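Worksheet: one structure, shown below.
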Amino acid sequence: MLAAAGGCRIEDRTPTGTRRDEDTIQHLISRYARGLSQRDWTGVRSLFWQDGTYAGPIGPGAPADHRQMVPIDGALRGFDQWLRGVEPANFDVRILRTDLRQEGDLAGAWVVTRRRTPAGPGAQERDWIEHLVLRRIDGDWRILTVAVVSSDQRSGR
């Protein structure tokens, strides 16, 4: 009996990284949402790696389950065109919850956001699920990709 117990050990799967990394990543994600809300396209772009991508609806008429992936520069141009002339009160992105997992220089974040988007003369609010993949490159955290889907479109729930 004792011989069998000697071969058992508990596997440690504690994520690598530091509390400082987590704070930095959370701050970056907050800057991403705030930058979208403020239509600060240059600021949002600065958070992405040079070949960053965005997958999700970008403007009016785009279905909520839109699945095309585009370079972040194209996505930001689409947002800019869509929101020209739209009252600031009719577009907003707020973070409701973030679930973060980091392994060394790679991190993933599931972010629940509430987006207010233009709808006719006013706006509508809807919750969205955003998955961000981030990587530490040369000591700085950057977003590699963002995938967005309306929480109404999730399957299996």
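Identifiers in this document derive from the order of the structure tokens: chains are assigned A, B, ..., residues are numbered from 1 separately in each chain, and ligands are numbered from 1 in order of occurrence.
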
Requested in this report: Write out as a PyMOL selection string all residues of chain A that backbone DSSP assigns to helix (DSSP H, G or I).
Outcome: chain A and resi 2-6+19-37+41-45+72-83+88-90+151-153

Selected residues written out with N, CA and C atoms, as a tab-separated table (two decimals), in the first residue's frame:
```
chain	number	residue	atom	x	y	z
A	2	LEU	N	1.90	1.29	0.82
A	2	LEU	CA	2.78	2.45	0.89
A	2	LEU	C	3.56	2.63	-0.40
A	3	ALA	N	3.92	1.58	-1.07
A	3	ALA	CA	4.68	1.68	-2.32
A	3	ALA	C	3.84	2.38	-3.39
A	4	ALA	N	2.56	2.11	-3.44
A	4	ALA	CA	1.68	2.75	-4.43
A	4	ALA	C	1.53	4.24	-4.13
A	5	ALA	N	1.45	4.61	-2.86
A	5	ALA	CA	1.29	6.01	-2.49
A	5	ALA	C	2.52	6.81	-2.84
A	6	GLY	N	3.70	6.20	-2.82
A	6	GLY	CA	4.94	6.90	-3.14
A	6	GLY	C	4.97	7.36	-4.59
A	19	ARG	N	1.59	39.00	-10.41
A	19	ARG	CA	0.44	39.88	-10.16
A	19	ARG	C	0.60	41.17	-10.97
A	20	ARG	N	1.84	41.62	-11.13
A	20	ARG	CA	2.10	42.82	-11.93
A	20	ARG	C	1.68	42.61	-13.38
A	21	ASP	N	1.97	41.41	-13.94
A	21	ASP	CA	1.53	41.10	-15.31
A	21	ASP	C	0.02	41.18	-15.41
A	22	GLU	N	-0.66	40.58	-14.43
A	22	GLU	CA	-2.12	40.58	-14.45
A	22	GLU	C	-2.67	42.01	-14.41
A	23	ASP	N	-2.10	42.85	-13.56
A	23	ASP	CA	-2.53	44.24	-13.49
A	23	ASP	C	-2.28	44.97	-14.82
A	24	THR	N	-1.13	44.72	-15.43
A	24	THR	CA	-0.80	45.34	-16.71
A	24	THR	C	-1.79	44.91	-17.79
A	25	ILE	N	-2.10	43.63	-17.83
A	25	ILE	CA	-3.04	43.11	-18.84
A	25	ILE	C	-4.43	43.68	-18.60
A	26	GLN	N	-4.89	43.70	-17.36
A	26	GLN	CA	-6.21	44.27	-17.06
A	26	GLN	C	-6.27	45.74	-17.47
A	27	HIS	N	-5.20	46.47	-17.22
A	27	HIS	CA	-5.14	47.88	-17.62
A	27	HIS	C	-5.20	48.02	-19.14
A	28	LEU	N	-4.49	47.16	-19.85
A	28	LEU	CA	-4.50	47.19	-21.31
A	28	LEU	C	-5.90	46.92	-21.85
A	29	ILE	N	-6.59	45.95	-21.27
A	29	ILE	CA	-7.95	45.62	-21.70
A	29	ILE	C	-8.90	46.79	-21.42
A	30	SER	N	-8.72	47.44	-20.29
A	30	SER	CA	-9.53	48.63	-19.97
A	30	SER	C	-9.27	49.75	-20.97
A	31	ARG	N	-8.01	49.95	-21.33
A	31	ARG	CA	-7.66	50.97	-22.32
A	31	ARG	C	-8.28	50.66	-23.67
A	32	TYR	N	-8.34	49.38	-24.02
A	32	TYR	CA	-8.96	48.94	-25.28
A	32	TYR	C	-10.44	49.36	-25.30
A	33	ALA	N	-11.18	49.01	-24.26
A	33	ALA	CA	-12.61	49.35	-24.20
A	33	ALA	C	-12.83	50.86	-24.16
A	34	ARG	N	-12.05	51.55	-23.35
A	34	ARG	CA	-12.17	53.01	-23.23
A	34	ARG	C	-11.82	53.68	-24.57
A	35	GLY	N	-10.78	53.18	-25.24
A	35	GLY	CA	-10.39	53.73	-26.54
A	35	GLY	C	-11.48	53.57	-27.58
A	36	LEU	N	-12.13	52.39	-27.59
A	36	LEU	CA	-13.26	52.20	-28.52
A	36	LEU	C	-14.36	53.21	-28.20
A	37	SER	N	-14.72	53.32	-26.93
A	37	SER	CA	-15.79	54.24	-26.53
A	37	SER	C	-15.50	55.67	-26.92
A	41	TRP	N	-9.02	55.81	-32.27
A	41	TRP	CA	-8.55	54.71	-33.12
A	41	TRP	C	-7.04	54.55	-33.04
A	42	THR	N	-6.31	55.65	-32.96
A	42	THR	CA	-4.85	55.58	-32.85
A	42	THR	C	-4.46	54.93	-31.52
A	43	GLY	N	-5.13	55.31	-30.45
A	43	GLY	CA	-4.86	54.72	-29.14
A	43	GLY	C	-5.17	53.24	-29.11
A	44	VAL	N	-6.30	52.84	-29.70
A	44	VAL	CA	-6.67	51.42	-29.74
A	44	VAL	C	-5.63	50.67	-30.57
A	45	ARG	N	-5.25	51.23	-31.71
A	45	ARG	CA	-4.27	50.56	-32.58
A	45	ARG	C	-2.96	50.32	-31.86
A	72	ILE	N	-6.53	44.53	-37.85
A	72	ILE	CA	-7.08	45.53	-36.93
A	72	ILE	C	-7.20	46.89	-37.62
A	73	ASP	N	-6.29	47.21	-38.52
A	73	ASP	CA	-6.38	48.50	-39.22
A	73	ASP	C	-7.69	48.59	-40.02
A	74	GLY	N	-8.06	47.52	-40.70
A	74	GLY	CA	-9.32	47.51	-41.45
A	74	GLY	C	-10.53	47.60	-40.53
A	75	ALA	N	-10.47	46.91	-39.40
A	75	ALA	CA	-11.58	46.97	-38.44
A	75	ALA	C	-11.76	48.39	-37.91
A	76	LEU	N	-10.66	49.05	-37.56
A	76	LEU	CA	-10.76	50.41	-37.02
A	76	LEU	C	-11.25	51.39	-38.07
A	77	ARG	N	-10.84	51.20	-39.33
A	77	ARG	CA	-11.39	52.04	-40.42
A	77	ARG	C	-12.90	51.83	-40.53
A	78	GLY	N	-13.33	50.56	-40.40
A	78	GLY	CA	-14.76	50.26	-40.45
A	78	GLY	C	-15.52	50.92	-39.31
A	79	PHE	N	-14.99	50.84	-38.10
A	79	PHE	CA	-15.62	51.50	-36.96
A	79	PHE	C	-15.71	53.01	-37.19
A	80	ASP	N	-14.61	53.59	-37.68
A	80	ASP	CA	-14.58	55.03	-37.92
A	80	ASP	C	-15.65	55.45	-38.92
A	81	GLN	N	-15.75	54.73	-40.03
A	81	GLN	CA	-16.77	55.05	-41.04
A	81	GLN	C	-18.18	54.88	-40.49
A	82	TRP	N	-18.40	53.80	-39.75
A	82	TRP	CA	-19.71	53.51	-39.20
A	82	TRP	C	-20.16	54.57	-38.22
A	83	LEU	N	-19.23	55.09	-37.42
A	83	LEU	CA	-19.60	55.99	-36.33
A	83	LEU	C	-19.50	57.47	-36.68
A	88	PRO	N	-22.04	60.89	-29.61
A	88	PRO	CA	-21.20	60.16	-28.66
A	88	PRO	C	-22.01	59.30	-27.68
A	89	ALA	N	-23.18	59.77	-27.28
A	89	ALA	CA	-24.00	59.01	-26.32
A	89	ALA	C	-24.56	57.72	-26.92
A	90	ASN	N	-24.49	57.58	-28.24
A	90	ASN	CA	-25.06	56.40	-28.90
A	90	ASN	C	-24.03	55.31	-29.19
A	151	SER	N	-23.70	37.97	-27.03
A	151	SER	CA	-24.03	36.90	-26.07
A	151	SER	C	-25.32	36.21	-26.48
A	152	ASP	N	-26.15	36.84	-27.30
A	152	ASP	CA	-27.36	36.21	-27.81
A	152	ASP	C	-27.04	35.11	-28.82
A	153	GLN	N	-25.83	35.14	-29.38
A	153	GLN	CA	-25.45	34.21	-30.44
A	153	GLN	C	-24.69	33.00	-29.93
```

Query raised in the report: If you run DSSP on this backbone, which residues of chain A come out as strand (DSSP E), and could you give them as a VMD selection string?
Result: chain A and resid 48 to 55 69 to 71 92 to 103 106 to 119 122 to 137 140 to 150

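Closest to Ile129 in chain A among A:Leu144, A:Ala107, A:Val86, A:Ile95 is A:Ile95, based on only C-alpha atoms.
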
Query raised in the report: So what do you get for CA of Glu130 in chain A versus CA of Gln102 in chain A, distance-wise?
Result: 16.4 Å

Query - Among listed residues A:Asp138, A:Asp92, A:Asp51, A:Glu103, nearest Arg126 in chain A (using only C-alpha atoms) - result: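 Answer, going by the shortest atom-to-atom distance: A:Asp92.
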
Report task. Would you mind listing what lies within 8 Å of Thr53 in chain A as an NGL selection string, with only C-alpha atoms counted and same-chain residues fewer than 5 positions away left out? Result -> :A and (69-72 or 144-146)

Requested in this report: Pick out the closest residue to Arg114 in chain A from this set: A:Arg135, A:Arg39, A:Arg94, A:Arg84. Count only C-alpha atoms.
Outcome: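 Checking each candidate against Arg114 in chain A, we get A:Arg94 as the closest.
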
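As for CA of Glu125 in chain A and CA of Gln68 in chain A, they are spaced 22.5 Å apart.
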
Fewer than 4 positions away in the same chain doesn't count, so skip those; otherwise give me all residues within 9 Å of Gln124 in chain A, counting only C-alpha atoms, as a short mmCIF file (atom, residue, chain, number, x, y, z; two decimals) with N, CA, C and O atoms, in the first residue's frame.
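Output (around_10.cif):
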```
data_model
loop_
_atom_site.label_atom_id
_atom_site.label_comp_id
_atom_site.auth_asym_id
_atom_site.auth_seq_id
_atom_site.Cartn_x
_atom_site.Cartn_y
_atom_site.Cartn_z
N ASN A 90 -24.49 57.58 -28.24
CA ASN A 90 -25.06 56.40 -28.90
C ASN A 90 -24.03 55.31 -29.19
O ASN A 90 -24.32 54.35 -29.91
N PHE A 91 -22.82 55.46 -28.64
CA PHE A 91 -21.83 54.39 -28.78
C PHE A 91 -20.98 54.36 -27.52
O PHE A 91 -20.42 55.36 -27.10
N ARG A 115 -22.21 46.82 -24.97
CA ARG A 115 -22.00 47.83 -26.00
C ARG A 115 -23.31 48.55 -26.28
O ARG A 115 -24.35 47.91 -26.46
N ARG A 116 -23.23 49.86 -26.29
CA ARG A 116 -24.35 50.69 -26.76
C ARG A 116 -23.99 51.06 -28.20
O ARG A 116 -22.93 51.62 -28.45
N THR A 117 -24.87 50.71 -29.12
CA THR A 117 -24.61 50.96 -30.53
C THR A 117 -25.78 51.71 -31.16
O THR A 117 -26.92 51.59 -30.70
N PRO A 118 -25.49 52.46 -32.21
CA PRO A 118 -26.55 53.22 -32.88
C PRO A 118 -27.65 52.30 -33.41
O PRO A 118 -27.37 51.23 -33.93
N ALA A 119 -28.88 52.73 -33.25
CA ALA A 119 -30.04 52.01 -33.78
C ALA A 119 -31.10 53.05 -34.11
O ALA A 119 -31.71 53.61 -33.20
#
```

**Report entry** Point-to-point distance in Å for CA of Asp40 in chain A and CA of Ile137 in chain A
**Finding:**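 Answer for the CA of Ile137 in chain A to CA of Asp40 in chain A separation: 23.0 Å.
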